[in-house]
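Here is the file model_13.txt (compact mmCIF, C-alpha atoms and all ligand atoms).
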# COMPACT_ATOMS: atom_id res chain seq x y z
CA MET A 1 -10.59 26.54 -10.38
CA GLN A 2 -11.24 23.06 -11.77
CA ARG A 3 -8.47 20.80 -10.49
CA GLU A 4 -7.37 17.34 -11.55
CA HIS A 5 -5.51 14.95 -9.26
CA PRO A 6 -1.82 15.22 -10.26
CA LEU A 7 -1.49 11.43 -10.15
CA LYS A 8 -4.57 10.82 -12.30
CA GLN A 9 -2.32 10.31 -15.31
CA PHE A 10 -0.79 7.32 -13.49
CA TYR A 11 -4.01 6.01 -11.96
CA ASN A 12 -5.61 6.02 -15.43
CA ILE A 13 -3.05 3.42 -16.42
CA ILE A 14 -2.42 1.42 -13.28
CA ASP A 15 -6.04 0.94 -12.22
CA HIS A 16 -7.09 -0.61 -15.52
CA GLY A 17 -6.70 -3.93 -17.24
CA SER A 18 -6.19 -7.47 -16.06
CA GLY A 19 -2.87 -8.91 -14.92
CA GLU A 20 -2.50 -10.56 -18.30
CA ASP A 21 -3.03 -7.22 -20.07
CA LYS A 22 -0.48 -5.66 -17.76
CA MET A 23 2.15 -8.27 -18.53
CA GLY A 24 2.40 -6.83 -22.03
CA LEU A 25 2.69 -3.28 -20.75
CA ILE A 26 5.39 -3.42 -18.09
CA PRO A 27 7.15 -0.02 -18.08
CA GLU A 28 10.93 0.05 -18.13
CA PHE A 29 10.90 1.71 -14.69
CA PRO A 30 8.09 1.73 -12.07
CA ARG A 31 5.51 4.43 -12.64
CA ILE A 32 5.13 5.05 -8.91
CA ILE A 33 7.51 4.59 -5.99
CA GLU A 34 5.81 4.06 -2.65
CA LEU A 35 8.31 5.76 -0.43
CA GLU A 36 8.62 5.18 3.28
CA ILE A 37 11.13 7.70 4.63
CA THR A 38 10.30 6.60 8.15
CA ASN A 39 8.17 3.99 9.89
CA HIS A 40 8.18 5.96 13.14
CA CYS A 41 4.85 7.44 14.10
CA ASN A 42 3.56 9.77 16.80
CA PHE A 43 0.05 8.24 16.77
CA GLN A 44 -1.14 4.90 18.10
CA CYS A 45 -4.09 4.21 15.87
CA ILE A 46 -5.65 0.98 17.03
CA MET A 47 -6.43 -0.40 13.53
CA CYS A 48 -2.87 0.04 12.24
CA LYS A 49 0.07 -2.33 12.67
CA THR A 50 2.43 0.57 13.29
CA GLY A 51 0.06 2.16 15.78
CA THR A 52 -0.40 -1.03 17.75
CA GLY A 53 3.31 -1.89 17.59
CA THR A 54 2.68 -5.27 15.97
CA ALA A 55 4.73 -4.62 12.81
CA LYS A 56 7.93 -6.65 13.09
CA ARG A 57 10.30 -4.38 11.18
CA LYS A 58 12.90 -2.28 12.96
CA ARG A 59 12.02 1.42 13.03
CA GLY A 60 14.16 4.19 11.62
CA TYR A 61 14.61 7.17 9.32
CA MET A 62 15.91 7.06 5.76
CA ALA A 63 19.56 8.17 5.44
CA ASP A 64 20.40 11.06 3.09
CA GLU A 65 22.70 8.72 1.18
CA THR A 66 19.80 6.37 0.41
CA TYR A 67 17.58 9.23 -0.69
CA GLU A 68 20.32 10.71 -2.90
CA LYS A 69 20.73 7.36 -4.59
CA LEU A 70 17.02 7.18 -5.25
CA ILE A 71 16.99 10.70 -6.70
CA ARG A 72 19.88 9.88 -9.04
CA GLU A 73 17.88 7.00 -10.45
CA ALA A 74 14.55 8.81 -10.60
CA ALA A 75 15.74 12.14 -11.99
CA GLY A 76 14.14 13.17 -15.27
CA ARG A 77 11.75 10.21 -15.44
CA LYS A 78 7.99 10.58 -15.68
CA ILE A 79 7.26 9.03 -12.29
CA ALA A 80 5.69 9.84 -8.93
CA PHE A 81 6.87 9.41 -5.36
CA LYS A 82 4.16 8.68 -2.85
CA PHE A 83 5.47 9.64 0.58
CA VAL A 84 3.45 7.21 2.70
CA GLY A 85 4.70 3.88 4.05
CA GLN A 86 4.04 2.51 7.50
CA GLY A 87 4.81 5.62 9.51
CA GLU A 88 4.30 9.37 9.49
CA PRO A 89 6.47 10.87 6.68
CA THR A 90 6.44 14.41 8.09
CA LEU A 91 8.36 13.23 11.17
CA HIS A 92 11.50 12.78 9.07
CA PRO A 93 13.72 15.76 9.91
CA ARG A 94 14.54 16.28 6.22
CA PHE A 95 11.02 15.76 4.89
CA LEU A 96 10.64 19.24 3.34
CA GLU A 97 14.11 19.11 1.76
CA TYR A 98 13.39 15.67 0.33
CA ILE A 99 10.23 16.96 -1.36
CA LYS A 100 12.11 19.97 -2.72
CA LYS A 101 14.84 17.77 -4.10
CA ALA A 102 12.41 15.42 -5.82
CA LYS A 103 10.52 18.32 -7.35
CA GLN A 104 13.75 19.90 -8.61
CA ASN A 105 14.42 16.61 -10.38
CA GLY A 106 11.05 16.50 -12.10
CA VAL A 107 9.35 13.92 -9.87
CA ILE A 108 5.65 14.33 -9.02
CA CYS A 109 5.21 14.19 -5.23
CA HIS A 110 2.32 13.05 -3.08
CA LEU A 111 2.09 12.93 0.72
CA THR A 112 -0.31 10.95 2.93
CA THR A 113 -0.28 12.30 6.48
CA ASN A 114 -1.96 12.33 9.86
CA GLY A 115 -1.56 16.12 9.75
CA SER A 116 -0.02 16.34 13.21
CA MET A 117 2.94 18.46 12.09
CA PHE A 118 0.82 20.99 10.23
CA ASP A 119 0.90 24.48 11.67
CA LYS A 120 0.83 27.69 9.63
CA SER A 121 4.60 27.85 9.35
CA PHE A 122 4.91 24.22 8.20
CA ILE A 123 2.07 24.72 5.73
CA GLY A 124 3.81 27.77 4.22
CA GLN A 125 7.04 25.82 3.80
CA LEU A 126 5.20 22.85 2.33
CA ILE A 127 3.45 25.00 -0.27
CA ASP A 128 6.85 26.49 -1.17
CA THR A 129 8.21 23.02 -1.99
CA GLN A 130 5.55 22.86 -4.77
CA ILE A 131 4.40 19.46 -3.55
CA ASP A 132 1.75 18.22 -5.97
CA SER A 133 -0.70 16.43 -3.72
CA VAL A 134 -1.50 16.06 -0.01
CA LYS A 135 -3.90 13.58 1.52
CA PHE A 136 -5.09 13.87 5.13
CA SER A 137 -6.12 10.69 6.89
CA PHE A 138 -9.14 10.35 9.12
CA GLN A 139 -10.98 7.38 10.49
CA GLY A 140 -14.68 7.83 11.10
CA VAL A 141 -16.69 10.91 10.25
CA ASP A 142 -16.96 12.66 13.59
CA ARG A 143 -15.03 13.48 16.74
CA GLU A 144 -16.02 10.28 18.53
CA GLY A 145 -15.33 7.93 15.62
CA TYR A 146 -11.96 9.54 14.97
CA MET A 147 -11.00 9.35 18.64
CA GLU A 148 -12.02 5.71 18.90
CA LEU A 149 -9.63 4.50 16.18
CA ARG A 150 -6.97 7.23 16.10
CA GLY A 151 -6.80 7.60 19.90
CA LYS A 152 -6.63 11.39 19.79
CA ASP A 153 -9.18 14.14 20.24
CA ASP A 154 -7.93 15.87 17.08
CA PHE A 155 -10.89 15.66 14.71
CA ASP A 156 -11.89 19.33 14.79
CA HIS A 157 -8.33 20.63 14.91
CA LEU A 158 -7.36 18.54 11.90
CA LEU A 159 -10.27 19.96 9.92
CA GLU A 160 -9.13 23.43 10.98
CA LYS A 161 -5.56 22.75 9.78
CA ILE A 162 -6.79 21.46 6.42
CA GLY A 163 -8.79 24.68 6.15
CA TRP A 164 -5.56 26.66 6.70
CA LEU A 165 -3.83 24.78 3.90
CA TYR A 166 -6.81 25.28 1.60
CA GLU A 167 -6.84 28.98 2.33
CA LEU A 168 -3.08 29.52 2.08
CA ARG A 169 -2.91 27.60 -1.19
CA GLY A 170 -5.78 29.69 -2.58
CA GLU A 171 -5.65 29.77 -6.36
CA LYS A 172 -2.08 28.43 -6.54
CA GLU A 173 -1.73 25.35 -8.68
CA PHE A 174 -0.42 23.09 -5.88
CA PRO A 175 -1.03 21.15 -3.75
CA TYR A 176 -4.14 19.21 -4.68
CA ILE A 177 -5.87 18.48 -1.36
CA THR A 178 -7.60 15.20 -0.52
CA VAL A 179 -9.36 14.20 2.66
CA ALA A 180 -9.57 10.46 3.15
CA THR A 181 -11.49 8.56 5.75
CA SER A 182 -12.59 5.02 6.34
CA VAL A 183 -15.80 3.96 8.00
CA THR A 184 -17.25 1.04 9.93
CA ASN A 185 -20.97 1.41 10.73
CA GLU A 186 -21.53 5.14 10.21
CA SER A 187 -24.92 6.07 8.79
CA LYS A 188 -25.43 7.65 5.36
CA GLU A 189 -26.55 10.85 7.08
CA GLU A 190 -23.40 11.04 9.23
CA ILE A 191 -21.24 10.43 6.18
CA GLU A 192 -23.11 13.10 4.25
CA GLU A 193 -22.53 15.59 7.07
CA PHE A 194 -18.80 14.91 6.91
CA ARG A 195 -18.88 15.27 3.13
CA GLN A 196 -20.49 18.70 3.51
CA LYS A 197 -17.88 19.82 6.05
CA CYS A 198 -15.02 18.70 3.83
CA SER A 199 -16.39 20.15 0.61
CA ARG A 200 -15.30 23.60 1.77
CA ILE A 201 -11.69 22.67 2.47
CA CYS A 202 -10.54 20.07 -0.04
CA ASP A 203 -10.58 19.15 -3.72
CA ASN A 204 -11.45 15.52 -3.22
CA LEU A 205 -12.97 13.29 -0.54
CA GLU A 206 -12.22 9.57 -0.44
CA ILE A 207 -14.28 7.26 1.72
CA GLY A 208 -13.15 3.70 2.26
CA ILE A 209 -13.95 0.86 4.61
CA THR A 210 -11.82 0.42 7.74
CA THR A 211 -9.88 -2.82 7.62
CA LEU A 212 -10.29 -4.44 11.02
CA GLU A 213 -7.81 -7.26 10.52
CA PHE A 214 -5.17 -5.76 12.82
CA ILE A 215 -7.42 -3.89 15.24
CA ASP A 216 -6.56 -4.01 18.93
CA LEU A 217 -10.05 -4.45 20.32
CA SER A 218 -8.76 -4.37 23.89
CA LYS A 219 -8.33 -0.60 23.49
CA ILE A 220 -12.06 -0.04 22.96
CA LYS A 221 -13.68 0.82 26.25
CA LYS A 222 -17.31 1.16 25.15
CA LYS A 223 -18.92 -2.28 25.33
CA GLN A 224 -21.34 -1.65 22.47
CA THR A 225 -18.58 -0.45 20.10
CA HIS A 226 -16.35 -3.31 21.13
CA GLU A 227 -19.02 -5.88 20.29
CA LEU A 228 -19.88 -4.20 17.02
CA LEU A 229 -16.30 -4.00 15.77
CA ALA A 230 -15.55 -7.57 16.89
CA LYS A 231 -18.50 -8.74 14.82
CA MET A 232 -17.46 -6.63 11.83
CA LYS A 233 -13.92 -7.97 12.05
CA GLU A 234 -15.26 -11.50 11.91
CA ASP A 235 -17.47 -10.64 8.91
CA GLN A 236 -14.60 -9.04 7.03
CA THR A 237 -12.44 -12.11 7.47
CA ARG A 238 -15.24 -14.35 6.26
CA LYS A 239 -16.08 -12.21 3.25
CA LYS A 240 -12.51 -11.86 2.02
CA ARG A 241 -12.59 -10.68 -1.55
CA ARG A 242 -9.65 -10.69 -3.92
CA TYR A 243 -8.52 -7.70 -5.89
CA LYS A 244 -9.46 -8.00 -9.55
CA CYS A 245 -5.91 -7.11 -10.32
CA CYS A 246 -3.28 -5.79 -7.96
CA HIS A 247 -1.16 -3.10 -9.62
CA GLN A 248 1.80 -3.37 -7.26
CA VAL A 249 4.19 -5.63 -9.15
CA PHE A 250 3.12 -4.39 -12.57
CA ASP A 251 3.37 -0.62 -12.04
CA VAL A 252 4.58 0.20 -8.53
CA ILE A 253 7.59 -0.53 -6.35
CA THR A 254 8.14 0.16 -2.66
CA LEU A 255 11.22 1.58 -0.95
CA HIS A 256 11.56 1.33 2.82
CA TRP A 257 13.50 3.72 5.07
CA ASN A 258 16.42 1.28 5.34
CA GLY A 259 16.86 0.99 1.56
CA SER A 260 14.89 -2.24 1.28
CA ILE A 261 13.24 -2.51 -2.15
CA ASN A 262 9.99 -4.45 -1.86
CA ALA A 263 7.38 -5.77 -4.27
CA CYS A 264 4.37 -4.65 -2.22
CA CYS A 265 3.43 -1.46 -0.37
CA ALA A 266 1.82 -3.48 2.43
CA ASP A 267 4.95 -5.51 3.11
CA ASN A 268 5.18 -4.61 6.77
CA ASP A 269 7.32 -7.57 7.69
CA ASP A 270 9.70 -7.70 4.70
CA VAL A 271 8.29 -10.84 3.12
CA MET A 272 8.69 -9.86 -0.56
CA VAL A 273 12.07 -8.15 -0.64
CA LEU A 274 13.63 -7.61 -4.08
CA GLY A 275 16.90 -6.07 -2.97
CA ASN A 276 18.40 -3.12 -1.14
CA LEU A 277 19.37 0.25 -2.55
CA ALA A 278 22.73 -0.08 -0.78
CA GLU A 279 23.65 -2.85 -3.25
CA ASN A 280 21.03 -2.82 -5.99
CA SER A 281 19.34 -0.26 -8.17
CA ILE A 282 15.57 0.14 -8.44
CA GLN A 283 15.89 -0.64 -12.15
CA GLU A 284 17.74 -3.88 -11.46
CA CYS A 285 15.09 -5.05 -8.98
CA TRP A 286 12.23 -3.96 -11.26
CA ASN A 287 13.60 -6.00 -14.14
CA GLY A 288 14.93 -8.84 -11.98
CA LYS A 289 13.89 -12.49 -11.92
CA LYS A 290 12.12 -12.26 -8.58
CA GLU A 291 9.77 -9.43 -9.59
CA GLN A 292 9.12 -11.15 -12.93
CA ALA A 293 8.18 -14.37 -11.11
CA TYR A 294 5.74 -12.45 -8.87
CA ARG A 295 4.19 -10.88 -11.98
CA GLU A 296 3.67 -14.24 -13.64
CA ILE A 297 1.89 -15.55 -10.54
CA LEU A 298 -0.32 -12.48 -10.08
CA ALA A 299 -1.11 -12.19 -13.79
CA VAL A 300 -3.20 -15.34 -13.38
CA ASN A 301 -4.50 -14.27 -9.93
CA ASP A 302 -2.73 -17.12 -8.19
CA TYR A 303 -2.63 -15.22 -4.88
CA GLU A 304 -2.33 -18.36 -2.78
CA LYS A 305 1.18 -18.97 -4.09
CA LEU A 306 2.64 -15.84 -2.48
CA PRO A 307 3.03 -15.53 1.28
CA LEU A 308 1.92 -11.91 1.50
CA CYS A 309 -0.69 -11.99 -1.27
CA LYS A 310 -2.49 -15.03 0.09
CA ASP A 311 -3.75 -13.02 3.06
CA CYS A 312 -4.36 -9.78 1.18
CA TYR A 313 -7.90 -8.79 0.38
CA ASP A 314 -10.00 -5.91 -0.80
CA VAL A 315 -12.45 -5.18 2.00
CA TYR A 316 -15.79 -4.83 0.22
CA GLY A 317 -14.05 -3.37 -2.81
CA TRP A 318 -12.39 -0.68 -0.65
CA THR A 319 -14.39 2.32 -1.85
CA TYR A 320 -17.53 2.91 0.19
CA GLN A 321 -20.58 2.14 -1.93
CA GLY A 322 -23.32 2.64 0.65
CA ASP A 323 -24.90 -0.39 2.27
CA GLU A 324 -23.26 -3.70 1.38
C1 LIG A 401 -0.34 3.60 7.45
S1 LIG A 401 -0.85 5.26 7.17
C2 LIG A 401 0.70 6.09 6.94
C3 LIG A 401 0.59 7.57 6.70
C4 LIG A 401 0.17 8.43 7.87
N1 LIG A 401 0.71 8.04 9.09
C5 LIG A 401 -1.34 8.54 7.93
O1 LIG A 401 -1.95 8.09 8.91
O2 LIG A 401 -1.89 9.10 6.98
C6 LIG A 401 -1.46 5.24 5.51
C7 LIG A 401 -2.97 5.20 5.37
O3 LIG A 401 -3.45 3.94 5.77
C8 LIG A 401 -4.72 4.14 6.39
N2 LIG A 401 -4.99 2.99 7.25
C9 LIG A 401 -4.18 2.44 8.18
N3 LIG A 401 -4.77 1.38 8.74
C10 LIG A 401 -5.99 1.26 8.14
C11 LIG A 401 -7.07 0.34 8.29
N4 LIG A 401 -7.01 -0.65 9.15
N5 LIG A 401 -8.16 0.53 7.51
C12 LIG A 401 -8.23 1.53 6.61
N6 LIG A 401 -7.23 2.42 6.42
C13 LIG A 401 -6.14 2.28 7.18
C14 LIG A 401 -4.55 5.43 7.15
O4 LIG A 401 -5.80 6.02 7.46
C15 LIG A 401 -3.74 6.24 6.15
O5 LIG A 401 -4.59 6.95 5.27
S1 LIG A 402 -2.44 5.06 10.52
FE1 LIG A 402 -0.76 6.51 10.22
S2 LIG A 402 -0.95 7.86 11.99
FE2 LIG A 402 -2.07 6.05 12.52
S3 LIG A 402 -0.58 4.78 13.63
FE3 LIG A 402 -0.63 4.13 11.47
S4 LIG A 402 1.06 5.22 10.58
FE4 LIG A 402 0.56 6.28 12.49

Show how you would write the structure in this file as structure tokens.
Ligand SMILES: C[S@@+](CC[C@H](N)C(=O)[O-])C[C@H]1O[C@@H](n2cnc3c(N)ncnc32)[C@H](O)[C@@H]1O
Ligand code: SF4
Amino acid sequence: MQREHPLKQFYNIIDHGSGEDKMGLIPEFPRIIELEITNHCNFQCIMCKTGTGTAKRKRGYMADETYEKLIREAAGRKIAFKFVGQGEPTLHPRFLEYIKKAKQNGVICHLTTNGSMFDKSFIGQLIDTQIDSVKFSFQGVDREGYMELRGKDDFDHLLEKIGWLYELRGEKEFPYITVATSVTNESKEEIEEFRQKCSRICDNLEIGITTLEFIDLSKIKKKQTHELLAKMKEDQTRKKRRYKCCHQVFDVITLHWNGSINACCADNDDVMVLGNLAENSIQECWNGKKEQAYREILAVNDYEKLPLCKDCYDVYGWTYQGDE
């Protein structure tokens, strides 16, 4: 069956045009809500701020009341929820119910996950929610590379679990299955081998570059790897490259577990807060003065003016293009 990514309809809009073009096309409500139902995580990935414990925000789980309020505002709109954020969404005790609820209200749902909670029973229940899209996160392309950054010997088991989902979904319409990884110095041949392995168990493979900005190098025992990643980290910082146009403030809004409504999905430390769902609506924040001011700054790529944006960069254009 030929499948299309359920969020392609949104990506076709949000990934195109300059900031100035986007200023004339601001939707009345965000097209996508980046939804963090928890920032707790059961992994300690050494390249991630959550994994290394360096993110400053308090940790917690979204309250039902907050989620209900979100659903009331989102119901019936042509929008998508991306269950991602700075933790592991499937750890939220009401994760499956939240997906069901969103789907019942016409919202397209995507999950990005470390896959740790996936067993055959969970997979069956997840398919029953009619979730539209699931993305599994790897780092590296083999057991050793995965273990180095994700700190767990789970590479083969994760591939096995994805295979279960692929098989149990069969010809059903949902979910669309993506495998995503990011690489450092893997060879073309190693990447190709991973691509071959994944082609049998997913609809789409995404390969990016690992951002080393937050990496805890002290956790790397192998001297050679340590030296290599330290050097790559330095190179990445030197070669900082701006996004052509960031879609966050023009098309996307972020909701944190504690109701905080933020302008950017990478706002780990609550620097660009627009409001809180306890007191404000998403609509109000989306159309508010603060968000509008951010848009005006980013429309002319004036990243330096914003505290979070000034340090944000697109590592080598994010998508792996072969040798750079
Ligand atoms: C922060 S995680 C949250 C969701 C979930 N815990 C997971 O690992 O998929 C979201 C995504 O960011 C990616 N990620 C985190 N740190 C990264 C880094 N330094 N470079 C590249 N990707 C990174 C993860 O691989 C994952 O796909
Ligand atoms: S990348 Fe995901 S799984 Fe790894 S520590 Fe960060 S939030 Fe957890």

Please tabulate, as a Markdown table, the residues of chain A that come within 6 Å of ligand LIG 402 (chain A), each with its closest pair of atoms and the distance in Å to one decimal, counting only C-alpha atoms and all ligand atoms and ordering rows by chain, then residue number upward.
| residue | atom | partner | partner_atom | distance |
| --- | --- | --- | --- | --- |
| A:Cys41 | CA | A:LIG402 | FE4 | 4.7 |
| A:Phe43 | CA | A:LIG402 | S3 | 4.7 |
| A:Gln44 | CA | A:LIG402 | S3 | 4.5 |
| A:Cys45 | CA | A:LIG402 | S3 | 4.2 |
| A:Cys48 | CA | A:LIG402 | FE3 | 4.7 |
| A:Thr50 | CA | A:LIG402 | FE3 | 5.0 |
| A:Gly51 | CA | A:LIG402 | S3 | 3.4 |
| A:Gln86 | CA | A:LIG402 | S4 | 5.1 |
| A:Gly87 | CA | A:LIG402 | S4 | 3.9 |
| A:Glu88 | CA | A:LIG402 | S4 | 5.4 |
| A:Asn114 | CA | A:LIG402 | S2 | 5.1 |

Residues from last step as file, C-alpha atoms, as a PDB file, in the frame of the given file:
ATOM      1  CA  CYS A  41       4.850   7.440  14.100  1.00  0.00           C
ATOM      2  CA  PHE A  43       0.050   8.240  16.770  1.00  0.00           C
ATOM      3  CA  GLN A  44      -1.140   4.900  18.100  1.00  0.00           C
ATOM      4  CA  CYS A  45      -4.090   4.210  15.870  1.00  0.00           C
ATOM      5  CA  CYS A  48      -2.870   0.040  12.240  1.00  0.00           C
ATOM      6  CA  THR A  50       2.430   0.570  13.290  1.00  0.00           C
ATOM      7  CA  GLY A  51       0.060   2.160  15.780  1.00  0.00           C
ATOM      8  CA  GLN A  86       4.040   2.510   7.500  1.00  0.00           C
ATOM      9  CA  GLY A  87       4.810   5.620   9.510  1.00  0.00           C
ATOM     10  CA  GLU A  88       4.300   9.370   9.490  1.00  0.00           C
ATOM     11  CA  ASN A 114      -1.960  12.330   9.860  1.00  0.00           C
TER      12      ASN A 114
END

Nearest to Leu7 of chain A, restricted to all atoms listed in the file and choosing among A:Thr225, A:Lys22, A:Ile46, A:Tyr176, comes out as A:Tyr176

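Pairwise distance (atom CA of Ala180 of chain A, atom CA of Gly151 of chain A) equals 17.2 Å.
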
Residues near Val179 of chain A, anyone? I mean within 9 Å using only C-alpha atoms, not counting same-chain ones fewer than 2 positions away, as an NGL selection string. :A and (134-138 or 162 or 177 or 181 or 198 or 201-207)

Build an axis-aligned box that encloses every atom of segment 125-144 of chain A listed in the file, pad it by 4 Å on each side, and report its centre and edge lengths in Å to one decimal, as JSON.
{"center_x": -4.4, "center_y": 16.9, "center_z": 6.3, "size_x": 33.2, "size_y": 27.1, "size_z": 32.5}

Contact residues around Glu173 of chain A with all atoms listed in the file at 9 Å, ignoring same-chain residues under 6 positions, as JSON, numbers by chain: {"A": [3, 130, 132]}

Within 8 Å of segment 305-312 of chain A, counting all atoms listed in the file, which residues qualify if same-chain residues fewer than 5 places away don't, as a list of chain:residue names?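 Answer for this query is A:Arg242, A:Asp267, A:Val271, A:Met272, A:Tyr294, A:Ile297.
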
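Between atom CA of Ile253 of chain A and atom CA of Ala278 of chain A the separation is 16.1 Å.
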
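Reported to one decimal place, the separation of atom CA of Phe174 of chain A from atom CA of Glu4 of chain A is 10.7 Å.
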
Using only C-alpha atoms, which of A:Gln139, A:Leu165, A:Asp235, A:Met147 sits nearest Gln125 of chain A?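 Result for the nearest residue to Gln125 of chain A: A:Leu165.
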
Compare A:Ile209, A:Ile26, A:Met1, A:Leu149 by their minimum atom-to-atom distance to ligand LIG 401 (chain A), counting only C-alpha atoms and all ligand atoms, and give me the closest one.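 For ligand LIG 401 (chain A), the nearest of the given residues is A:Ile209.
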
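Applying the 10 Å criterion to (12.7, 16.6, 0.5) in file coordinates and using only C-alpha atoms, one obtains the residues Ile37, Asp64, Tyr67, His92, Pro93, Arg94, Phe95, Leu96, Glu97, Tyr98, Ile99, Lys100, Lys101, Ala102, Lys103, Gln104, Cys109, Leu126, Thr129 and Ile131 of chain A.
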
Test item: residues at most 10 Å from Phe29 of chain A, all atoms listed in the file, excluding those fewer than 4 positions along its chain, as a compact mmCIF listing (two decimals) with C-alpha atoms, in the coordinates of the input:
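Just written: selection.txt:
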# COMPACT_ATOMS: atom_id res chain seq x y z
CA ILE A 33 7.51 4.59 -5.99
CA GLU A 73 17.88 7.00 -10.45
CA ALA A 74 14.55 8.81 -10.60
CA ARG A 77 11.75 10.21 -15.44
CA LYS A 78 7.99 10.58 -15.68
CA ILE A 79 7.26 9.03 -12.29
CA ASP A 251 3.37 -0.62 -12.04
CA VAL A 252 4.58 0.20 -8.53
CA ILE A 253 7.59 -0.53 -6.35
CA ILE A 282 15.57 0.14 -8.44
CA GLN A 283 15.89 -0.64 -12.15
CA GLU A 284 17.74 -3.88 -11.46
CA CYS A 285 15.09 -5.05 -8.98
CA TRP A 286 12.23 -3.96 -11.26
CA ASN A 287 13.60 -6.00 -14.14

Restricting to all atoms listed in the file, whichever of A:Gly106, A:Pro89, A:Gly140, A:Gly259 is closest to ligand LIG 401 (chain A) is A:Pro89

Looking at A:Cys245, A:Cys265, A:Ile32, A:Met62, which one is nearest to ligand LIG 401 (chain A), with distances taken over only C-alpha atoms and all ligand atoms? A:Cys265

Using all atoms listed in the file, determine which residues lie at most 8 Å from Thr254 of chain A, disregarding the query and same-chain residues fewer than 4 positions distant; provide the list as a list in words. Ile33, Glu34, Leu35, Glu36, Ile261, Asn262, Ala263, Cys264 and Cys265 of chain A

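Candidate residues A:Lys233, A:Lys58, A:Lys289, A:Lys8 were compared for distance to ligand LIG 401 (chain A), and the nearest is A:Lys233, using all atoms listed in the file.
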